[in-house]
Amino acid sequence: MVIETIRYNGWEHCIRLSDGKAEVVATTDVGPRIIRLGAVGGPNLLFEAADQAGLTGGDEWRCYGGHRLWHAPEAKPRTYAGDNGPVAFELLADGVRLTQAIEPATGIGKQMELHWLAGRQGLEVIHRLTNHNLWTVPLAPWAITQMAPGGVAIMPQEPYAPHPDVRRPGDDPAVPGSFLPARSLALWGFTRLDDPRWSFLEKFILVRQDPAIAAPLKFGASNKVGWLAYGKGGDLLVKRFGWQEGARYPDLGCNAEIWTDPSLLEVETLGPMVDLEPGRTVEHRETWEFYRGVELPRDGARLEAALAPVAG
């Protein structure tokens, strides 16, 4: 494994992690940000804002692209604190720790820690929020990964459970029926159910990024299956994360959300809401797995077969 400092896309000081096949690049001139994920010599599966490449300084929030850490629930200006300054970094045996200066307006400190997964092309990404105020702050860690345009996001449906009294032909008699709901689904006010970018299959919800559609789309869910994915051109990112039963999640109970507009698509995960006391830190963990050569057919059965080796 290689850990090195490189110049990338106008930023002079970036950290590159690679096993010779796949690579990840994180910025240190701004951030904390993961700005690249892809095969060595291949395209970036993450979105990059071309007009902001190499920019530093200033107080305004910039998109930049890549993967970032926010705190929910979303509100302006609190959530949109800029990450335009340099971050402290510490090289680790298997990755890097990136620590941002305390946000002046919120008193929250952000840290992102990356650990390369030995024997697997991917990362463990640990997100930390620390409260440096003299008062308690209610928040939830919110990990947002901006994906390159032209691909499709996949959210798994909860496992099928038949109605106890009305079973379909082919239902497994060993699977118990249930009268109870399986998950919550949150729709933002600007999201249309007839939007052509998304489709509901028996085992998946798909969202296609389309540069030709101007309106944004966003939805979230209580995702107890524990993964989200995004694929483009045979490259696939699977993000794995947890669900805490009985915890209070933001956005009507969401621990997983998908946003898209004409420029990009975001696959987002959230930790539970906490009342973060002064001096305390909350963590949120994701596991990233990067695969190549995974084509994503739209037919439900063929899609399930394509994802079976990687999605679990």
# chains A, B, ... in the order shown; residues from 1 in each chain; ligands from 1
>>> select_by_dssp(residues="range 50-156 of chain A", states="strand (DSSP E)", output="JSON, numbers by chain")
{"A": [67, 68, 69, 70, 71, 72, 88, 89, 90, 91, 95, 96, 97, 98, 99, 108, 109, 110, 111, 112, 113, 114, 115, 116, 122, 123, 124, 125, 126, 127, 128, 129, 130, 131, 137, 138, 139, 140, 141, 142, 143, 144, 145, 146, 147, 152, 153, 154, 155, 156]}
>>> closest_atom_pairs(of="range 244-292 of chain A", to="range 142-162 of chain A", cutoff="10 Å", atoms="only C-alpha atoms", output="CSV")
residue,atom,partner,partner_atom,distance
A:Pro250,CA,A:Trp142,CA,9.7
A:Asn255,CA,A:Trp142,CA,8.8
A:Ala256,CA,A:Met155,CA,8.5
A:Glu257,CA,A:Met155,CA,8.9
A:Ile258,CA,A:Ala153,CA,7.8
A:Trp259,CA,A:Gln146,CA,9.1
A:Thr260,CA,A:Pro149,CA,9.2
A:Asp261,CA,A:Pro149,CA,9.3
A:Pro262,CA,A:Pro149,CA,8.0
A:Ser263,CA,A:Pro149,CA,6.3
A:Leu264,CA,A:Pro149,CA,4.8
A:Leu265,CA,A:Met147,CA,5.2
A:Glu266,CA,A:Gln146,CA,4.4
A:Val267,CA,A:Thr145,CA,5.4
A:Glu268,CA,A:Ile144,CA,4.5
A:Thr269,CA,A:Ala143,CA,5.3
A:Leu270,CA,A:Trp142,CA,4.5
A:Gly271,CA,A:Trp142,CA,6.6
A:Pro272,CA,A:Trp142,CA,9.4
A:His284,CA,A:Trp142,CA,8.0
A:Arg285,CA,A:Ala143,CA,8.9
A:Glu286,CA,A:Ala143,CA,8.5
>>> closest_residue(among="A:Cys63, A:Ala140, A:Thr27, A:Ala88", to="Ala247 in chain A", atoms="only C-alpha atoms")
A:Ala140
>>> residues_around(residues="range 8-22 of chain A", least_positions_apart="4", cutoff="6 Å", atoms="only C-alpha atoms", output="MDAnalysis selection string")
chainID A and resid 1:4 26:28 38:40 53:54
>>> residues_around(residues="range 177-184 of chain A", least_positions_apart="6", cutoff="8 Å", atoms="only C-alpha atoms", output="PDB file with C-alpha atoms, in the first residue's frame")
ATOM      1  CA  GLU A 158     -36.356  -3.863   3.332  1.00  0.00           C
ATOM      2  CA  ALA A 161     -42.660  -9.916   4.532  1.00  0.00           C
ATOM      3  CA  PRO A 162     -46.012 -11.314   3.369  1.00  0.00           C
ATOM      4  CA  HIS A 163     -49.352 -10.283   4.770  1.00  0.00           C
ATOM      5  CA  PRO A 164     -50.254 -12.821   7.454  1.00  0.00           C
ATOM      6  CA  ASP A 165     -53.677 -13.524   5.934  1.00  0.00           C
ATOM      7  CA  ALA A 221     -35.433   6.342   4.400  1.00  0.00           C
ATOM      8  CA  SER A 222     -34.855   4.341   7.529  1.00  0.00           C
ATOM      9  CA  ASN A 223     -32.387   1.953   5.893  1.00  0.00           C
ATOM     10  CA  LEU A 252     -38.422  12.067   9.866  1.00  0.00           C
ATOM     11  CA  GLY A 253     -36.276   9.116  10.858  1.00  0.00           C
ATOM     12  CA  CYS A 254     -33.737   8.888   8.007  1.00  0.00           C
TER      13      CYS A 254
END
>>> closest_residue(among="A:Leu114, A:Val30, A:Leu206, A:Leu45", to="Asp83 in chain A", atoms="only C-alpha atoms")
A:Val30
>>> select_by_dssp(residues="range 42-291 of chain A", states="alpha helix (DSSP H)", output="number ranges by chain")
A: 250-253
